[in-house]
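Asks: The structure follows.
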Amino acid sequence: MNQKTENKYIYGIHAIIEAIQAGNEIDRLYVKKDMSSDLARDLLAVAREHNVPVLRVPVERINRITRKNHQGALAMLAAISYYKVEQVVPMLFDQGDNPFLIILDGVTDVRNFGAIARTCDCAGVNAIVLPERGSVSVGGDAIKTSAGALNYVPVCRESNLVDAIRYLKDSGFSIVGTSDKNACNFTQADYTGPVAIVLGAEDRGISDEVMRLCDKRVVIPEFGHINSLNVSVAGGIIMYEVVRQRLNDNQIVD
């Protein structure tokens, strides 16, 4: 479904405004921290209107990407096409699928994200859901790390992850969060119906607001010394428990 190329950048306020208004998908808009001109306000207004994530950054960060006359603004074009859960879910049900989604709540490491996407493709995940802010940037590096899986697994980028999860719950999804508190063994949860697995950030796990929406919390037993599975490894283990249960339920034909 997703067919785009490497990261490309647009710099200069007028050029960025024109690109956004022309319908180009922008992954991130970097704006110099202290920029407050009328033209800058016009740019920010256009970005808000088109739901473009804006990062206020020191000018040195923009200079590291380009030394050309960027006027304090630089936009990174999306390397893939983004979707919304409201687009993907009805299509899955119309096709007769039993939907299986992965939700990433604050995963920021591109290598982890690429590895998760690669497993998603192998395990038959229908889409990955992530927030606009506080999340990994889906650029050319992520596509490379995913071994091209992001060309096939749709990515839903949501301005409000909580609202997206509520929509999934209202659509009949079971929301399963990974946690080590008040959780059952991951093999004890039922994944045979429409399900969305939530994987949390590398450093803090799943946010409290998202965890409260989870119908079930699951944990992967650990017996070593560091007591910390990498998020992509944990995701892979749980994804293949979903596959195992659905194979046993004759939902998947070899």
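Residue numbering restarts at 1 for every chain of the structure tokens, chains are lettered A, B, ... in their displayed order, and ligands are numbered from 1 as they appear.
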Within 7 Å of Arg157 (chain A), counting only C-alpha atoms, which residues qualify if same-chain residues fewer than 6 places away don't, as a VMD selection string?
Replies: chain A and resid 82 to 84 129 to 132
Asks: Might you pull out every residue within 9 Å of Val243 (chain A), with only C-alpha atoms counted and same-chain residues fewer than 5 positions away left off, and present them as a list in words?
Replies: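 My reading of the contact set: Ala123, Gly124, Tyr191, Thr192, Ile238, Asn248 and Ile252 of chain A.
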Asks: If we count only C-alpha atoms, what is near region 68-80 of chain A at a cut-off of 8 Å, once residues fewer than 4 positions away on the same chain are taken out, given as a PyMOL selection string?
Replies: chain A and resi 2-13+16+24-32+35+59+62+138-140+150-151
Asks: Given the selection you just returned, output its residues as a file containing C-alpha atoms, formatted as a PDB file, in the first residue's frame.
Replies:
ATOM      1  CA  ASN A   2       2.777   2.433   0.896  1.00  0.00           C
ATOM      2  CA  GLN A   3       4.938   3.423  -2.047  1.00  0.00           C
ATOM      3  CA  LYS A   4       7.341   6.343  -1.561  1.00  0.00           C
ATOM      4  CA  THR A   5      11.059   6.962  -1.453  1.00  0.00           C
ATOM      5  CA  GLU A   6      13.871   8.305   0.727  1.00  0.00           C
ATOM      6  CA  ASN A   7      13.508  11.331   2.985  1.00  0.00           C
ATOM      7  CA  LYS A   8      13.377  14.601   1.100  1.00  0.00           C
ATOM      8  CA  TYR A   9      13.462  18.064   2.596  1.00  0.00           C
ATOM      9  CA  ILE A  10      11.874  21.355   1.611  1.00  0.00           C
ATOM     10  CA  TYR A  11      13.337  24.525   3.084  1.00  0.00           C
ATOM     11  CA  GLY A  12      12.162  28.123   3.050  1.00  0.00           C
ATOM     12  CA  ILE A  13       8.833  29.378   4.376  1.00  0.00           C
ATOM     13  CA  ILE A  16       6.929  24.843   2.576  1.00  0.00           C
ATOM     14  CA  ASN A  24       2.326  16.908  -0.076  1.00  0.00           C
ATOM     15  CA  GLU A  25       2.479  14.709   3.021  1.00  0.00           C
ATOM     16  CA  ILE A  26       4.827  16.232   5.599  1.00  0.00           C
ATOM     17  CA  ASP A  27       6.334  13.989   8.249  1.00  0.00           C
ATOM     18  CA  ARG A  28       7.786  16.776  10.414  1.00  0.00           C
ATOM     19  CA  LEU A  29       8.057  20.553  10.194  1.00  0.00           C
ATOM     20  CA  TYR A  30      11.087  22.013  11.967  1.00  0.00           C
ATOM     21  CA  VAL A  31      10.734  25.684  12.893  1.00  0.00           C
ATOM     22  CA  LYS A  32      13.387  27.834  14.582  1.00  0.00           C
ATOM     23  CA  MET A  35      10.872  32.709  14.923  1.00  0.00           C
ATOM     24  CA  VAL A  59      18.483  26.817  14.472  1.00  0.00           C
ATOM     25  CA  ILE A  62      18.152  22.882  10.970  1.00  0.00           C
ATOM     26  CA  VAL A 138       8.842   7.136   9.461  1.00  0.00           C
ATOM     27  CA  GLY A 139      11.621   8.022   7.053  1.00  0.00           C
ATOM     28  CA  GLY A 140      13.916   6.278   4.660  1.00  0.00           C
ATOM     29  CA  LEU A 150       6.714  -0.477   5.490  1.00  0.00           C
ATOM     30  CA  ASN A 151       5.913  -0.547   1.782  1.00  0.00           C
TER      31      ASN A 151
END
Asks: Can you work out which one of A:Leu43, A:Ile175, A:Ile103, A:Ala164 has the shortest atom-to-atom distance to Glu86 (chain A), counting only C-alpha atoms?
Replies: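 Ranking A:Leu43, A:Ile175, A:Ile103, A:Ala164 by distance to Glu86 (chain A), first place goes to A:Ala164.
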Asks: Check the smallest atom-to-atom distance from each of A:Phe113, A:Ser137, A:Lys216, A:Ala47 to Asn230 (chain A) using only C-alpha atoms, then report the winner.
Replies: A:Phe113
Asks: Tell me, which residues of region 11-206 of chain A carry DSSP strand (DSSP E or B), written as a PyMOL selection string?
Replies: chain A and resi 11+26-32+54-57+73-77+82-83+100-105+127-131+155-158+174-178+184-185+195-201+205
Asks: Can I get the selected residues back with N, CA and C atoms, as a CSV table (one decimal), in the first residue's frame?
Replies:
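Produced file selection_36.csv, reproduced below:
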chain,number,residue,atom,x,y,z
A,11,TYR,N,12.9,23.5,2.2
A,11,TYR,CA,13.3,24.5,3.1
A,11,TYR,C,12.9,25.9,2.5
A,26,ILE,N,3.7,15.8,4.8
A,26,ILE,CA,4.8,16.2,5.6
A,26,ILE,C,4.9,15.4,6.9
A,27,ASP,N,6.1,14.8,7.1
A,27,ASP,CA,6.3,14.0,8.2
A,27,ASP,C,6.6,14.9,9.5
A,28,ARG,N,7.4,15.9,9.3
A,28,ARG,CA,7.8,16.8,10.4
A,28,ARG,C,8.1,18.1,9.8
A,29,LEU,N,7.7,19.2,10.6
A,29,LEU,CA,8.1,20.6,10.2
A,29,LEU,C,8.9,21.1,11.3
A,30,TYR,N,10.2,21.4,11.0
A,30,TYR,CA,11.1,22.0,12.0
A,30,TYR,C,11.1,23.5,11.8
A,31,VAL,N,10.8,24.2,12.9
A,31,VAL,CA,10.7,25.7,12.9
A,31,VAL,C,11.7,26.2,14.0
A,32,LYS,N,12.5,27.2,13.6
A,32,LYS,CA,13.4,27.8,14.6
A,32,LYS,C,12.6,28.3,15.8
A,54,VAL,N,4.6,20.0,14.2
A,54,VAL,CA,5.6,21.1,14.2
A,54,VAL,C,6.5,20.9,15.4
A,55,LEU,N,7.8,21.0,15.2
A,55,LEU,CA,8.8,20.9,16.2
A,55,LEU,C,9.6,22.2,16.3
A,56,ARG,N,9.5,22.9,17.4
A,56,ARG,CA,10.3,24.1,17.6
A,56,ARG,C,11.7,23.7,18.1
A,57,VAL,N,12.7,24.1,17.3
A,57,VAL,CA,14.1,23.6,17.5
A,57,VAL,C,15.1,24.7,17.4
A,73,ALA,N,13.0,27.5,8.7
A,73,ALA,CA,12.0,26.4,8.6
A,73,ALA,C,12.4,25.4,7.6
A,74,LEU,N,12.2,24.1,8.0
A,74,LEU,CA,12.5,23.0,7.1
A,74,LEU,C,11.5,21.9,7.3
A,75,ALA,N,11.0,21.4,6.2
A,75,ALA,CA,9.9,20.3,6.3
A,75,ALA,C,10.5,19.0,5.7
A,76,MET,N,10.3,17.9,6.4
A,76,MET,CA,10.7,16.6,5.9
A,76,MET,C,9.5,15.9,5.3
A,77,LEU,N,9.6,15.6,4.0
A,77,LEU,CA,8.5,14.9,3.4
A,77,LEU,C,8.3,13.5,3.9
A,82,TYR,N,0.4,8.1,4.9
A,82,TYR,CA,-0.2,7.8,6.1
A,82,TYR,C,-1.7,7.6,6.0
A,83,TYR,N,-2.3,6.9,6.9
A,83,TYR,CA,-3.7,6.6,6.9
A,83,TYR,C,-4.3,7.0,8.3
A,100,PHE,N,-6.1,-7.2,13.0
A,100,PHE,CA,-5.0,-7.3,14.0
A,100,PHE,C,-4.1,-6.1,13.8
A,101,LEU,N,-4.1,-5.3,14.8
A,101,LEU,CA,-3.3,-4.0,14.7
A,101,LEU,C,-2.3,-4.0,15.8
A,102,ILE,N,-1.2,-3.2,15.6
A,102,ILE,CA,-0.2,-2.9,16.5
A,102,ILE,C,-0.2,-1.4,16.8
A,103,ILE,N,-0.3,-1.0,18.1
A,103,ILE,CA,-0.3,0.4,18.5
A,103,ILE,C,1.0,0.7,19.2
A,104,LEU,N,1.7,1.7,18.7
A,104,LEU,CA,3.0,2.1,19.3
A,104,LEU,C,2.8,3.4,20.1
A,105,ASP,N,2.9,3.3,21.4
A,105,ASP,CA,2.7,4.4,22.3
A,105,ASP,C,4.1,5.0,22.7
A,127,ALA,N,-2.2,-3.2,10.3
A,127,ALA,CA,-1.8,-1.8,10.3
A,127,ALA,C,-1.1,-1.5,11.6
A,128,ILE,N,-0.2,-0.5,11.5
A,128,ILE,CA,0.5,0.0,12.7
A,128,ILE,C,-0.1,1.4,13.0
A,129,VAL,N,-0.4,1.6,14.3
A,129,VAL,CA,-1.0,2.9,14.7
A,129,VAL,C,0.0,3.6,15.6
A,130,LEU,N,0.3,4.9,15.3
A,130,LEU,CA,1.2,5.7,16.1
A,130,LEU,C,0.8,7.1,16.2
A,131,PRO,N,1.2,7.8,17.3
A,131,PRO,CA,0.8,9.2,17.4
A,131,PRO,C,1.7,10.1,16.6
A,155,VAL,N,0.5,2.5,7.8
A,155,VAL,CA,0.8,3.2,9.1
A,155,VAL,C,-0.3,4.2,9.3
A,156,CYS,N,-1.0,4.1,10.4
A,156,CYS,CA,-2.0,5.2,10.7
A,156,CYS,C,-1.4,6.1,11.7
A,157,ARG,N,-1.3,7.4,11.3
A,157,ARG,CA,-0.7,8.4,12.2
A,157,ARG,C,-1.8,9.2,12.8
A,158,GLU,N,-2.0,9.3,14.1
A,158,GLU,CA,-3.1,9.9,14.7
A,158,GLU,C,-2.7,11.1,15.6
A,174,SER,N,-10.5,-5.7,21.0
A,174,SER,CA,-10.0,-5.9,22.3
A,174,SER,C,-8.6,-5.2,22.3
A,175,ILE,N,-8.4,-4.3,23.3
A,175,ILE,CA,-7.1,-3.6,23.4
A,175,ILE,C,-6.2,-4.3,24.5
A,176,VAL,N,-5.1,-4.8,24.1
A,176,VAL,CA,-4.2,-5.5,25.0
A,176,VAL,C,-2.9,-4.7,25.2
A,177,GLY,N,-2.6,-4.4,26.4
A,177,GLY,CA,-1.4,-3.6,26.7
A,177,GLY,C,-0.4,-4.5,27.4
A,178,THR,N,0.9,-4.2,27.0
A,178,THR,CA,2.0,-4.9,27.6
A,178,THR,C,2.4,-4.2,28.9
A,184,CYS,N,-1.6,-10.5,33.3
A,184,CYS,CA,-1.6,-12.0,33.2
A,184,CYS,C,-0.5,-12.4,32.2
A,185,ASN,N,-0.1,-13.7,32.2
A,185,ASN,CA,0.8,-14.2,31.2
A,185,ASN,C,0.2,-14.0,29.8
A,195,VAL,N,-8.2,-7.5,17.4
A,195,VAL,CA,-7.4,-7.1,18.5
A,195,VAL,C,-6.3,-6.1,18.1
A,196,ALA,N,-6.0,-5.2,19.1
A,196,ALA,CA,-4.9,-4.3,18.9
A,196,ALA,C,-4.0,-4.4,20.1
A,197,ILE,N,-2.7,-4.7,19.8
A,197,ILE,CA,-1.7,-4.9,20.8
A,197,ILE,C,-0.9,-3.5,21.0
A,198,VAL,N,-0.9,-3.0,22.2
A,198,VAL,CA,-0.2,-1.8,22.5
A,198,VAL,C,1.2,-2.1,23.0
A,199,LEU,N,2.2,-1.5,22.4
A,199,LEU,CA,3.6,-1.6,22.8
A,199,LEU,C,4.1,-0.2,23.2
A,200,GLY,N,4.7,-0.1,24.4
A,200,GLY,CA,5.0,1.2,24.9
A,200,GLY,C,6.4,1.7,24.6
A,201,ALA,N,6.7,2.9,25.0
A,201,ALA,CA,8.0,3.5,24.7
A,201,ALA,C,9.2,2.7,25.4
A,205,GLY,N,7.5,2.8,28.9
A,205,GLY,CA,6.4,1.9,28.7
A,205,GLY,C,5.2,2.6,28.2
Asks: Just list as a ChimeraX atom specification whatever in region 127-241 of chain A DSSP marks as alpha helix (DSSP H).
Replies: /A:140-145,161-170,208-211,231-241
Asks: Point out the residue among A:Thr145, A:Ser36, A:Ser81, A:Ser159 with the least atom-to-atom distance to Ile116 (chain A), counting only C-alpha atoms.
Replies: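 Ranking A:Thr145, A:Ser36, A:Ser81, A:Ser159 by distance to Ile116 (chain A), first place goes to A:Thr145.
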Asks: Can you list, as a ChimeraX atom specification, every protein, DNA or RNA residue that comes within 9 Å of Val89 (chain A) when you count only C-alpha atoms, leaving out same-chain residues fewer than 4 positions away?
Replies: /A:84-85,93-94,99,168,171
Asks: Quick one: write out the picked residues with C-alpha atoms as a compact mmCIF listing (two decimals), in the first residue's frame?
Replies:
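Written file, part-v3.txt:
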# COMPACT_ATOMS: atom_id res chain seq x y z
CA LYS A 84 -6.26 7.05 9.73
CA VAL A 85 -7.81 4.18 11.67
CA PHE A 93 -14.26 -5.43 8.06
CA ASP A 94 -15.68 -4.99 4.53
CA PRO A 99 -8.35 -7.23 12.17
CA LEU A 168 -11.15 0.86 17.99
CA SER A 171 -15.53 -0.92 16.67
Asks: When distances are computed from only C-alpha atoms, which of A:Gln245, A:Asn182, A:Ser207, A:Ser146 shows the smallest separation from Val107 (chain A)?
Replies: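 Looking at the shortest contact to Val107 (chain A), the residue is A:Ser207.
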Asks: CA of Asp97 (chain A) to CA of Gln188 (chain A): how many Å, to one decimal?
Replies: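 Computing it gives 23.1 Å between the two atoms.
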